[in-house]
Each structure stands twice: as C-alpha cells, then as structure tokens.
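Below is one structure, written out as structure tokens, with a few remarks after it.
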Amino acid sequence: MQKILVSAFLLFLSAHVAYSQTYAKNGMVVSAHATASQVGVDILQKGGNAIDASVATAFALAVVYPLAGNIGGGGFLVYMDAQKNATTTIDFREKAPLAAHSKMFLDENGDLIKGSNHNGLLSAGVPGSVAGLYMAHQKYGKLPWASLVQPAIDLAEKGYPLSWNLHNHAVEMYAEEKTDHIMPSLYKNESGEIVAWGELWKQPALAKTLTAIRDKGQDGFYKGAVAKEIARYMKENGGIITMKDLEKYEAVERAPIKGTYKGFDIYSMPPTSSGGVALIEMMNVMELAGLDSIEFNSAAYVHIVAEAMRRAFADRAEYLGDPDFNPDMPLDRLTSKEFAQMRYDNIDLTKASVSDSSQFGQLYDGHNTTHFSVIDKDGNAVSLTTTLEYLYGSKMGSPKLGFLFNNEMGDFNPIPGYTDTGWLIGTQPNQIQPEKRMLSSMTPTIVSKDGKPYLVIGSPGGRTIINTVFQTVLNVLEYDMRIDKAIEAMKIHQQWMPDKIYYEEDLMSPDTRDILIQMGHTVEARENFGRLMGITVDPKEGYYVGAADSSGPDAAAVGY
Ligand code: GLY
C-alpha cells in the first residue's frame, strides 16, 4: 500500500510543472540564463543600481545565451526610478539600412521571395543594442561602464560550461542547417567540434569585440575596427549595412505608454513597439468585462480575452509603426478608457466576431527574443527585452567579431498594401523605408502601486509577446496570483489574422474548447508561448519575489 502511495505521489510530482519563486530582500535579476542573472546580482552587490545590473546582464547574455542575447540585435528598456517616481524608456530597435526600400524582398511580380526577409544578411537591421545600453548607462548608471562590460569579457575569454540545453541546441542546429549559414565558431571548441555538455565554451573573437566596447563605449562598435569589419563582412556576404549606417545609429529615449487598471499604474513600451499600446488597450477592455463574475480560464473568460486581443491586433496593424515616420499615430486615443468602452461594447458575449476591423467601430467615432527583469535595493526597476528576431537571428556573423546579426527586417510589412488571412500584414505605417525602425511586439512592462514598482515583467515570443505579457499582468493585478503561478497559467493568443485562438497545449480542457468552437471560434494548440521573467514587490514588507518561466531550462531568478 505504502509503495502504491509513493508511486502515486511521484506520478503527481512528475505530472505537475516544477515551478517556484525566489525571494530576496535587496535586489534581484531574473533572466533566461542563470549565469547572466548572477552577473547582474554581483553588480548590485557591488553597489550598482538596476541600470548597471541590466547593462552587465545584457552583455553577459550576449555571451552565454547567443540564441537571443546579443550585441547584433536590438531591444527596448523601461526604467522606473522609485525615489523620483519617474519612468522612462529607451528604444534601441534596429533600423532599416540606408539602401533599404519597400520592395526589397519582392520578385518582379511583386510577390514575396519566400524567406528572403528572414534569411541571410539582407534581413539584418542596423543593430541597436550597444547604443541602447550605452545610453542607459550614460543617463542613469552609477558604476563605471568598463566594470559592467568586463564580466561578459571574462565569460567569453575564460569560457563557461555549456548547458545540456544549449549543447542540444547546437547539435540540432548543425544537423539542420547548411553550415555556411552559421557563424563557424558558434558552439565550437578549438578543435572545431561542437562543445560538449559541461565543456567550457570560449569565444576569443567576441571577447575582442567586447573589449573594444568596454574601452570606447558606443564608438567601439559603431566606429573604428569593429564597424569596418561589419561593413566588410556585409558587403562580401550579401548585406547592405555600411559604415555610414553604423555611424548614424542612435538609441532614442521616449516617454513610456501609460495606463491604469483598478488602482495600478502600468508603464510599457511606446512605438516603435506596439506592445505597450496593445497591452493598455486590452487592460482597459478587461476593466469593463466584469471579471468578478467570470471564472478564470472558463470559455466565457477565454472568449472575452480573445475578443480584446482581436481588436487590439487589428488596431496595431492599422495604426502603429516607427514614430519618427508616423508622427500622427493616435496613441492617446488607442489607450483611452473611452476607446476601450467602444471596443468592449462591440463584443458579443455569446459568439465570436470575425476579424474584420471595419466592424469594430471607427477610431474617432465612437523565434527569438529574450527578456529580463531587474530590481535594486532602492526599488528602482528595469524591464528589458532584446531580440535577434529568430533564434540566432540571421545565423550569420563575422568569425573575426564573434557575434550574430539579427534578421529583424522580417518584422517590417514586406508587401506594401497586401494583408492576407494568414500572418502577412501590408499596412502603411510599418512598410520599409531607409532608417525606419521596424514595428515590434516586445512589451517590457513595469506596474506600480502608490508610485512604487509592484510588478516587473516581459517575455519573448514574436507577436505572442503582447498577449503573454497582457495575461500575466491581468493574472497578477486582477487575480492577485503569485508571480510563478501567473507566469505558468494557461495563455491563449489571438492576433486578428489568422482568425484563430491558439492555446497552450494540454492546458485547455476539452469542454472549454468545445464551447469556444460552438461560439464560432477556431482553436489550435501550440506548444507554449513566451518565456516570461517576472518580479513582484510585496507592498507591505517590501521583499522581492521573482520567477522564471519553466519553459527556459537555463533560466533563473537570482536574488540577494
Ligand atoms: N522580433 C520580435 C519583435 O520585435 O516583436
């Protein structure tokens, strides 16, 4: 009998996701790689603030998490200064090169050349990460810049033991890809073999590039020897990024998008990301939805959430793009309570609407990214999402420089004017223009209560990012869920086109699925959405509770 009970208990354990939260009093970093989280916490312990820890964590991720951590990509940072009760954001999204144009991925018939906007160096945008981290440090950092880049140099020079997860990534990647499309030194040791699980992976070329950045700041990347080699490598391998593109790149500080939800203040990323606007629009709709009387994750709940998503994604496609090229975006309107009321009134609670934006009311009428969250001893918080677009971006990089270029040009609308019922959007605000930033879905977010950070959250996942962050924020604010539970709870994704509800495999009951189908929805399972990294602050005691999504085998919340 005892044996049966033990087996039943073990079965229970194995059938449940082993997720947990980490507690800390003084500071915390939650990232996709435990080594990078530890680098950030070391900086906090040396007296650095949340910005210092973020810079160090980001550079460390560029070494230990090359699938998405990067210096060849871009991202967004939201920063809340808890003493001043002030929040700002830094946009270091990649830009289209000067030689780019709106039809660069089309054939002579105007059709998209399959895969062209995501493959090869033509798909690379001008990288923004180094400029963004440098700007954050210049404006808000405390410790010397060199001391924040040095831990990454040490990891690249001395090596770090490759995890089981990344070793397997490497094996799969080399089995699947033509090797001439992968930077030859990626996950390779000095003998040219794939680095084994637990073996130290050293990256001398990357260490040299990082040393130039340590010594010269932003100029170490955008000017001089590194820039020259980027331009040479681009020219020889089909890319169009030049020295001039690099020299002209600047990160931009922007005011955050702000919204409220039942007494909480939500700060998120404005365009060039669509994430903040869509998040606030959906939170405003949910505030009207009477969630007190709707069971969490019931069919009625999923229906309303999906309808809010459908509308927010239709608005995203219609109105949002790079603010420098779209100065008249109706951001105030899209994030207003009145607009949410109109969007909510238009939802039929008994049946699915069709993804036809003309039926939602007029505006004035009526694979891969990574996120980390940081908080320091003074309660200052950073929410930072950075990306190469696909896993390992373009997968190409000069062996002399040791890093990969993004394939972010794929985030532009590739065929001007052509929107289909699949994933293609052709609306004007996000069509390719020289020096334009491509629209993003990254949604680094900080929620505050009474002027102090309450939740720091974000995720990778392409267009699913917006919805994954939205549901996690809702789980914490509306249902008061513990951060690990909020992260792991079932997520759904509806993005206007395709007109479908995607749900996390095994997490939606068959009964719920049947009711949704009867309401007119199409439903489809997906393995998982996102990889959320979150921190909450206990409002009474002030301690920090962090959790990393269990979908990230190397991820960790580290505190002190
Ligand atoms: N590359 C993903 C995004 O920016 O949304």
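Labels for the structure tokens follow display order: chains A, B, ..., residues from 1 in each chain, ligands from 1.
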**Request:** Give as a count of residues only the residues surrounding ligand 1 up to a distance of 9 Å, considering only C-alpha atoms and all ligand atoms.
**Result:** 33
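Among the residues of segment 109-154 of chain A, backbone DSSP assigns alpha helix (DSSP H) to Ser129, Val130, Ala131, Gly132, Leu133, Tyr134, Met135, Ala136, His137, Gln138, Lys139, Tyr140, Trp145, Ala146, Ser147, Leu148, Val149, Gln150, Pro151, Ala152, Ile153 and Asp154 of chain A.
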Take the residues that were just selected and, keeping N, CA, C and O atoms, output them as a PDB file, in the first residue's frame.
```pdb
ATOM      1  N   SER A 129      21.653  47.383 -29.944  1.00  0.00           N
ATOM      2  CA  SER A 129      21.841  47.008 -28.532  1.00  0.00           C
ATOM      3  C   SER A 129      22.941  47.797 -27.828  1.00  0.00           C
ATOM      4  O   SER A 129      22.737  48.296 -26.712  1.00  0.00           O
ATOM      5  N   VAL A 130      24.103  47.920 -28.474  1.00  0.00           N
ATOM      6  CA  VAL A 130      25.223  48.582 -27.785  1.00  0.00           C
ATOM      7  C   VAL A 130      24.869  50.055 -27.527  1.00  0.00           C
ATOM      8  O   VAL A 130      25.105  50.585 -26.432  1.00  0.00           O
ATOM      9  N   ALA A 131      24.258  50.705 -28.528  1.00  0.00           N
ATOM     10  CA  ALA A 131      23.878  52.118 -28.358  1.00  0.00           C
ATOM     11  C   ALA A 131      22.847  52.279 -27.241  1.00  0.00           C
ATOM     12  O   ALA A 131      22.920  53.236 -26.452  1.00  0.00           O
ATOM     13  N   GLY A 132      21.902  51.350 -27.153  1.00  0.00           N
ATOM     14  CA  GLY A 132      20.851  51.444 -26.126  1.00  0.00           C
ATOM     15  C   GLY A 132      21.414  51.253 -24.726  1.00  0.00           C
ATOM     16  O   GLY A 132      21.087  52.012 -23.796  1.00  0.00           O
ATOM     17  N   LEU A 133      22.267  50.270 -24.577  1.00  0.00           N
ATOM     18  CA  LEU A 133      22.848  50.010 -23.253  1.00  0.00           C
ATOM     19  C   LEU A 133      23.758  51.170 -22.849  1.00  0.00           C
ATOM     20  O   LEU A 133      23.790  51.580 -21.683  1.00  0.00           O
ATOM     21  N   TYR A 134      24.476  51.708 -23.838  1.00  0.00           N
ATOM     22  CA  TYR A 134      25.379  52.825 -23.552  1.00  0.00           C
ATOM     23  C   TYR A 134      24.575  54.063 -23.122  1.00  0.00           C
ATOM     24  O   TYR A 134      24.904  54.724 -22.139  1.00  0.00           O
ATOM     25  N   MET A 135      23.493  54.334 -23.837  1.00  0.00           N
ATOM     26  CA  MET A 135      22.665  55.488 -23.469  1.00  0.00           C
ATOM     27  C   MET A 135      22.082  55.312 -22.062  1.00  0.00           C
ATOM     28  O   MET A 135      22.100  56.251 -21.246  1.00  0.00           O
ATOM     29  N   ALA A 136      21.591  54.109 -21.767  1.00  0.00           N
ATOM     30  CA  ALA A 136      21.012  53.850 -20.439  1.00  0.00           C
ATOM     31  C   ALA A 136      22.057  54.120 -19.366  1.00  0.00           C
ATOM     32  O   ALA A 136      21.785  54.768 -18.346  1.00  0.00           O
ATOM     33  N   HIS A 137      23.277  53.659 -19.612  1.00  0.00           N
ATOM     34  CA  HIS A 137      24.332  53.849 -18.623  1.00  0.00           C
ATOM     35  C   HIS A 137      24.729  55.319 -18.492  1.00  0.00           C
ATOM     36  O   HIS A 137      24.873  55.838 -17.382  1.00  0.00           O
ATOM     37  N   GLN A 138      24.899  55.999 -19.639  1.00  0.00           N
ATOM     38  CA  GLN A 138      25.302  57.414 -19.603  1.00  0.00           C
ATOM     39  C   GLN A 138      24.292  58.251 -18.827  1.00  0.00           C
ATOM     40  O   GLN A 138      24.639  59.144 -18.078  1.00  0.00           O
ATOM     41  N   LYS A 139      23.008  57.939 -19.002  1.00  0.00           N
ATOM     42  CA  LYS A 139      21.963  58.771 -18.377  1.00  0.00           C
ATOM     43  C   LYS A 139      21.645  58.350 -16.947  1.00  0.00           C
ATOM     44  O   LYS A 139      21.350  59.183 -16.103  1.00  0.00           O
ATOM     45  N   TYR A 140      21.669  57.051 -16.684  1.00  0.00           N
ATOM     46  CA  TYR A 140      21.138  56.598 -15.390  1.00  0.00           C
ATOM     47  C   TYR A 140      22.042  55.642 -14.609  1.00  0.00           C
ATOM     48  O   TYR A 140      21.685  55.201 -13.525  1.00  0.00           O
ATOM     49  N   TRP A 145      31.392  52.237 -16.694  1.00  0.00           N
ATOM     50  CA  TRP A 145      30.973  51.433 -17.853  1.00  0.00           C
ATOM     51  C   TRP A 145      31.839  50.170 -17.985  1.00  0.00           C
ATOM     52  O   TRP A 145      31.327  49.065 -18.166  1.00  0.00           O
ATOM     53  N   ALA A 146      33.169  50.361 -17.898  1.00  0.00           N
ATOM     54  CA  ALA A 146      34.081  49.228 -18.124  1.00  0.00           C
ATOM     55  C   ALA A 146      33.786  48.082 -17.151  1.00  0.00           C
ATOM     56  O   ALA A 146      33.881  46.909 -17.519  1.00  0.00           O
ATOM     57  N   SER A 147      33.400  48.429 -15.918  1.00  0.00           N
ATOM     58  CA  SER A 147      33.169  47.371 -14.922  1.00  0.00           C
ATOM     59  C   SER A 147      31.894  46.571 -15.241  1.00  0.00           C
ATOM     60  O   SER A 147      31.695  45.482 -14.717  1.00  0.00           O
ATOM     61  N   LEU A 148      31.044  47.123 -16.115  1.00  0.00           N
ATOM     62  CA  LEU A 148      29.801  46.426 -16.461  1.00  0.00           C
ATOM     63  C   LEU A 148      29.986  45.514 -17.679  1.00  0.00           C
ATOM     64  O   LEU A 148      29.274  44.532 -17.844  1.00  0.00           O
ATOM     65  N   VAL A 149      30.955  45.870 -18.534  1.00  0.00           N
ATOM     66  CA  VAL A 149      31.223  45.046 -19.734  1.00  0.00           C
ATOM     67  C   VAL A 149      32.205  43.922 -19.381  1.00  0.00           C
ATOM     68  O   VAL A 149      32.175  42.843 -19.975  1.00  0.00           O
ATOM     69  N   GLN A 150      33.073  44.179 -18.376  1.00  0.00           N
ATOM     70  CA  GLN A 150      34.141  43.227 -18.050  1.00  0.00           C
ATOM     71  C   GLN A 150      33.636  41.809 -17.727  1.00  0.00           C
ATOM     72  O   GLN A 150      34.236  40.828 -18.207  1.00  0.00           O
ATOM     73  N   PRO A 151      32.565  41.638 -16.945  1.00  0.00           N
ATOM     74  CA  PRO A 151      32.131  40.247 -16.665  1.00  0.00           C
ATOM     75  C   PRO A 151      31.829  39.456 -17.939  1.00  0.00           C
ATOM     76  O   PRO A 151      32.122  38.261 -18.016  1.00  0.00           O
ATOM     77  N   ALA A 152      31.277  40.130 -18.954  1.00  0.00           N
ATOM     78  CA  ALA A 152      30.982  39.435 -20.222  1.00  0.00           C
ATOM     79  C   ALA A 152      32.284  39.064 -20.927  1.00  0.00           C
ATOM     80  O   ALA A 152      32.405  37.973 -21.499  1.00  0.00           O
ATOM     81  N   ILE A 153      33.262  39.973 -20.870  1.00  0.00           N
ATOM     82  CA  ILE A 153      34.570  39.670 -21.492  1.00  0.00           C
ATOM     83  C   ILE A 153      35.179  38.444 -20.809  1.00  0.00           C
ATOM     84  O   ILE A 153      35.679  37.524 -21.465  1.00  0.00           O
ATOM     85  N   ASP A 154      35.097  38.416 -19.473  1.00  0.00           N
ATOM     86  CA  ASP A 154      35.658  37.270 -18.731  1.00  0.00           C
ATOM     87  C   ASP A 154      34.979  35.971 -19.155  1.00  0.00           C
ATOM     88  O   ASP A 154      35.633  34.949 -19.348  1.00  0.00           O
TER      89      ASP A 154
END
```
Pick out the residues sitting within 8 Å of Gly542 of chain A, and hand them over as a CSV table (one decimal) with N, CA and C atoms, in the first residue's frame; count only C-alpha atoms, and ignore anything fewer than 4 positions along from it in its own chain.
```csv
chain,number,residue,atom,x,y,z
A,25,LYS,N,15.7,40.2,-0.4
A,25,LYS,CA,15.4,41.4,0.3
A,25,LYS,C,16.0,42.6,-0.4
A,537,VAL,N,6.8,42.9,-6.1
A,537,VAL,CA,7.3,43.5,-4.8
A,537,VAL,C,6.2,43.4,-3.8
A,538,ASP,N,6.5,42.8,-2.6
A,538,ASP,CA,5.4,42.7,-1.6
A,538,ASP,C,5.1,44.2,-1.1
```
**Request:** Could you check which of A:Leu391, A:Ala251, A:Met283, A:Ala381 is closest to Phe405 of chain A, using only C-alpha atoms?
**Result:** A:Leu391
Using only C-alpha atoms, find each residue of segment 338-395 of chain A with at least one atom at most 10 Å away from an atom of segment 35-43 of chain A; report its shortest atom-to-atom pair and that distance in Å (one decimal), sort the rows by chain and rising residue number, and return the result as JSON lines.
```
{"residue": "A:Phe372", "atom": "CA", "partner": "A:Ser37", "partner_atom": "CA", "distance": 8.5}
{"residue": "A:Ser373", "atom": "CA", "partner": "A:Ser37", "partner_atom": "CA", "distance": 9.4}
{"residue": "A:Val374", "atom": "CA", "partner": "A:Gly40", "partner_atom": "CA", "distance": 8.2}
{"residue": "A:Ile375", "atom": "CA", "partner": "A:Val41", "partner_atom": "CA", "distance": 9.5}
{"residue": "A:Asp376", "atom": "CA", "partner": "A:Val41", "partner_atom": "CA", "distance": 8.9}
```
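Of the residues listed (A:His181, A:Lys244, A:Arg482, A:Lys258), A:Lys244 shows the shortest atom-to-atom separation from Lys223 of chain A; distances use only C-alpha atoms.
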**Request:** Determine, counting only C-alpha atoms, which protein, DNA and RNA residues have an atom within 7 Å of an atom of Ala96 of chain A; residues of the same chain fewer than 3 positions away are not included. Present the result as a PyMOL selection string.
**Result:** chain A and resi 100+125-126+409+433-437
**Request:** Pick out the residues sitting within 12 Å of Asn297 of chain A, and hand them over as a PyMOL selection string; count only C-alpha atoms, and ignore anything fewer than 6 positions along from it in its own chain.
**Result:** chain A and resi 291+303-306+471+474-475+479+489-492+503-504+507-509+511-513+516
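Of the residues under consideration (A:Thr260, A:Thr57, A:Thr211, A:Asn165), A:Asn165 shows the shortest atom-to-atom contact distance to Ser551 of chain A when counting only C-alpha atoms.
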**Request:** Please report, as number ranges by chain, each residue of segment 302-404 of chain A to which DSSP assigns strand (DSSP E) when run on this structure's backbone.
**Result:** A: 368-375, 381-389
**Request:** Pick out the residues sitting within 7 Å of Gln495 of chain A, and hand them over as an MDAnalysis selection string; count only C-alpha atoms, and ignore anything fewer than 6 positions along from it in its own chain.
**Result:** chainID A and resid 309:310 313
Same residues, N, CA, C and O atoms, saved as a JSON list (two decimals), in the first residue's frame:
```
[["chain", "number", "residue", "atom", "x", "y", "z"],
["A", 309, "MET", "N", -8.10, 40.78, -27.64],
["A", 309, "MET", "CA", -6.86, 40.63, -28.44],
["A", 309, "MET", "C", -7.13, 40.91, -29.91],
["A", 309, "MET", "O", -6.35, 41.61, -30.58],
["A", 310, "ARG", "N", -8.22, 40.35, -30.43],
["A", 310, "ARG", "CA", -8.55, 40.52, -31.85],
["A", 310, "ARG", "C", -8.59, 42.01, -32.22],
["A", 310, "ARG", "O", -8.04, 42.45, -33.22],
["A", 313, "PHE", "N", -5.08, 43.82, -31.90],
["A", 313, "PHE", "CA", -4.16, 43.48, -33.00],
["A", 313, "PHE", "C", -4.60, 44.11, -34.33],
["A", 313, "PHE", "O", -3.77, 44.45, -35.17]]
```
**Request:** Please provide the set of residues having any atom within 12 Å of Pro453 of chain A, restricted to only C-alpha atoms, with same-chain residues fewer than 2 positions apart removed, written as number ranges by chain.
**Result:** A: 78-87, 264-267, 373-376, 378-383, 445-451, 455-457, 535-539, 542-544
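Here atom CA of Gly27 of chain A and atom CA of Lys158 of chain A stand 27.0 Å from one another.
The nearest approach to Ala548 of chain A among the residues A:Ala278, A:Val354, A:Val252, A:Ala486, with only C-alpha atoms taken into account, belongs to A:Ala486.
Here atom CA of Lys202 of chain A is placed at a distance of 21.2 Å from atom CA of Gly73 of chain A.
Residue nearest Phe529 of chain A within the list A:Ala227, A:Ile257, A:Val469, A:Val476: A:Val469 [criterion: smallest interatomic distance, only C-alpha atoms].
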**Item:** A:Ala156, A:Ile280, A:Val171, A:Ala289 ranked by distance to Leu334 of chain A, top pick (using only C-alpha atoms)
**Value:** A:Ile280
